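Report on the following structure.
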Amino acid sequence: MPPSKKQRAAIVLQTLQEYMPEPEVPLRHSDAFTLLVAVMLSARCTDARVNEVTPALFALAPDAERMASTPWEDIRRIIAPCGLSDTKAQRLIETSRLLLERHQGQVPASFTELEDLPGVGHKTASVVMTQAFGHPAFPVDTHIYRLARRWKLSQGNSVEKVEADLKKLFPESTWGKLHLQMVLWGRQYCPARGCKPSCPVCSRLA
């Protein structure tokens, strides 16, 4: 008899904890603001590429006040390797201005207030809430969406449904760490083109 979703979830949790007990946050940052900026830049861009451009960007504009006052062209030039640089530069400036107007330049620890900012959707807000503020959240990116379906933890056809299914299967205390583990696992062991034969999760779920 094939394992139930609960049994599969337990195998996933145990295996990821065994192989990746202390996953590192892929995007380099020093505080909530630099994390927010890095996550915004990561849209349609690899974390590695974001990490290449953010040192220069944060040297120029490390906080909302300086980002808001930095010329658009200067920001756009630095972040050009990340793609969509025209739009991303404008959104970084607009978001920084709103942080100054509404939150004294600080990143709010609130889903509603974060998602009210230009270019900040639910996934970005979830990443900031869990990684910057330790709030229970389960951001679902393309890796997690793929793995949840491959591991038969969810058959949801939307990010929202997959997120809801995963939150039901795993304890709230594991969400933030498990998000990182699944993202890194998808890159290393279970890429989009197919599970590698050595993938311990897939072999244990077979």
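Numbering starts fresh at 1 for the residues of each chain in the structure tokens, the chains themselves are lettered A, B, ... in the order given, and ligands are numbered from 1 as they appear.
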- [ ] For A:Ala64, please output as a list in words all residues within 9 Å (counting only C-alpha atoms; exclusion window: fewer than 2 positions along the same chain).
- [x]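 Contacts, in chain order: Phe33, Ala61, Pro62, Arg66, Met67, Ala68, Ser69, Leu92, Ile93, Thr95, Ser96, Arg97, Leu98, Leu99, Leu100, Gly105, Gln106 and Val107 of chain A.
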Restricting it to C-alpha atoms, dump the selection as a JSON list (two decimals), in the first residue's frame.
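Result file result_36.json:
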[["chain", "number", "residue", "atom", "x", "y", "z"],
["A", 33, "PHE", "CA", 15.39, 46.10, 4.23],
["A", 61, "ALA", "CA", 21.76, 52.60, -0.94],
["A", 62, "PRO", "CA", 21.75, 50.46, 2.22],
["A", 66, "ARG", "CA", 19.13, 56.45, 0.52],
["A", 67, "MET", "CA", 17.39, 54.11, -1.92],
["A", 68, "ALA", "CA", 14.54, 56.58, -2.30],
["A", 69, "SER", "CA", 16.94, 59.42, -3.09],
["A", 92, "LEU", "CA", 12.71, 49.80, -5.39],
["A", 93, "ILE", "CA", 12.47, 53.59, -5.35],
["A", 95, "THR", "CA", 8.79, 51.00, -2.18],
["A", 96, "SER", "CA", 11.50, 52.90, -0.33],
["A", 97, "ARG", "CA", 9.49, 56.12, -0.52],
["A", 98, "LEU", "CA", 6.43, 54.37, 0.87],
["A", 99, "LEU", "CA", 8.49, 52.85, 3.69],
["A", 100, "LEU", "CA", 9.55, 56.39, 4.62],
["A", 105, "GLY", "CA", 11.78, 53.85, 6.82],
["A", 106, "GLN", "CA", 11.39, 50.45, 8.46],
["A", 107, "VAL", "CA", 10.11, 47.27, 6.84]]
At a cut-off of 12 Å, can you tabulate as CSV every residue of stretch 2-97 of chain A near stretch 154-173 of chain A together with its closest atom pair and the distance in Å to one decimal, using only C-alpha atoms and ordering rows by chain then number?
residue,atom,partner,partner_atom,distance
A:Ser4,CA,A:Leu169,CA,10.9
A:Lys5,CA,A:Leu169,CA,7.6
A:Lys6,CA,A:Leu169,CA,6.3
A:Gln7,CA,A:Leu169,CA,9.5
A:Arg8,CA,A:Leu169,CA,9.4
A:Ala9,CA,A:Leu169,CA,6.5
A:Ala10,CA,A:Phe170,CA,8.2
A:Ile11,CA,A:Phe170,CA,11.3
A:Val12,CA,A:Phe170,CA,9.9
A:Leu13,CA,A:Phe170,CA,8.2
A:Gln14,CA,A:Phe170,CA,11.5
Open item on the list: Applying 10 Å and only C-alpha atoms, which residues near A:Ala32 remain after dropping the ones on its own chain fewer than 4 positions away? List them as a list of chain:residue names.
Closed with: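 The filter keeps A:Leu36, A:Val37, A:Ala38, A:Asp63, A:Gln106, A:Val107, A:Pro108, A:Ala109, A:Val128, A:Met129, A:Gln131, A:Ala132, A:Phe133.
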Could the residues in this selection be written to a file with N, CA and C atoms, as a CSV table (one decimal), in the first residue's frame?
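Result written to result_36.csv:
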chain,number,residue,atom,x,y,z
A,36,LEU,N,14.4,42.4,1.8
A,36,LEU,CA,13.3,42.8,1.0
A,36,LEU,C,13.8,43.2,-0.4
A,37,VAL,N,14.8,44.0,-0.5
A,37,VAL,CA,15.4,44.4,-1.8
A,37,VAL,C,15.9,43.1,-2.6
A,38,ALA,N,16.6,42.3,-1.9
A,38,ALA,CA,17.2,41.1,-2.6
A,38,ALA,C,16.1,40.2,-3.1
A,63,ASP,N,19.7,51.6,2.8
A,63,ASP,CA,18.5,51.8,3.6
A,63,ASP,C,17.4,52.5,2.7
A,106,GLN,N,11.2,51.8,8.0
A,106,GLN,CA,11.4,50.5,8.5
A,106,GLN,C,10.5,49.5,7.7
A,107,VAL,N,10.9,48.3,7.5
A,107,VAL,CA,10.1,47.3,6.8
A,107,VAL,C,9.1,46.8,7.8
A,108,PRO,N,7.8,46.8,7.5
A,108,PRO,CA,6.8,46.4,8.5
A,108,PRO,C,6.7,44.9,8.6
A,109,ALA,N,6.5,44.4,9.8
A,109,ALA,CA,6.3,43.0,10.1
A,109,ALA,C,4.9,42.6,9.9
A,128,VAL,N,10.1,37.5,3.6
A,128,VAL,CA,10.5,38.5,4.5
A,128,VAL,C,10.0,38.2,5.9
A,129,MET,N,8.7,37.9,6.0
A,129,MET,CA,8.1,37.6,7.3
A,129,MET,C,8.8,36.5,8.0
A,131,GLN,N,12.0,35.0,7.3
A,131,GLN,CA,13.4,35.1,7.4
A,131,GLN,C,13.9,36.3,8.1
A,132,ALA,N,13.1,37.4,8.1
A,132,ALA,CA,13.5,38.6,8.8
A,132,ALA,C,12.9,38.7,10.2
A,133,PHE,N,11.7,38.2,10.3
A,133,PHE,CA,10.9,38.4,11.5
A,133,PHE,C,10.6,37.1,12.3
- [ ] Would you please extract all alpha helix (DSSP H) residues from stretch 144-191 of chain A, as assigned by DSSP on the backbone, and give them as a PyMOL selection string?
- [x] chain A and resi 144-150+159-169+175-188
TODO: Pick out the closest residue to A:Val183 from this set: A:Val140, A:Cys82, A:Cys195, A:Leu205. Count only C-alpha atoms.
DONE: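 Looking only at the distances to A:Val183, the closest residue turns out to be A:Val140.
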TODO: Using only C-alpha atoms, find the one residue out of A:Trp175, A:Tyr19, A:Trp185, A:Phe58 that sits nearest to A:Thr34.
DONE: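 Counting only C-alpha atoms, the residue closest to A:Thr34 is A:Phe58.
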Open item on the list: Just checking: using only C-alpha atoms, which residue out of A:Thr54, A:Ile144, A:Thr15, A:Cys45 ends up closest to A:Ser203?
Closed with: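 Checking each of A:Thr54, A:Ile144, A:Thr15, A:Cys45 against A:Ser203, counting only C-alpha atoms, the winner is A:Thr15.
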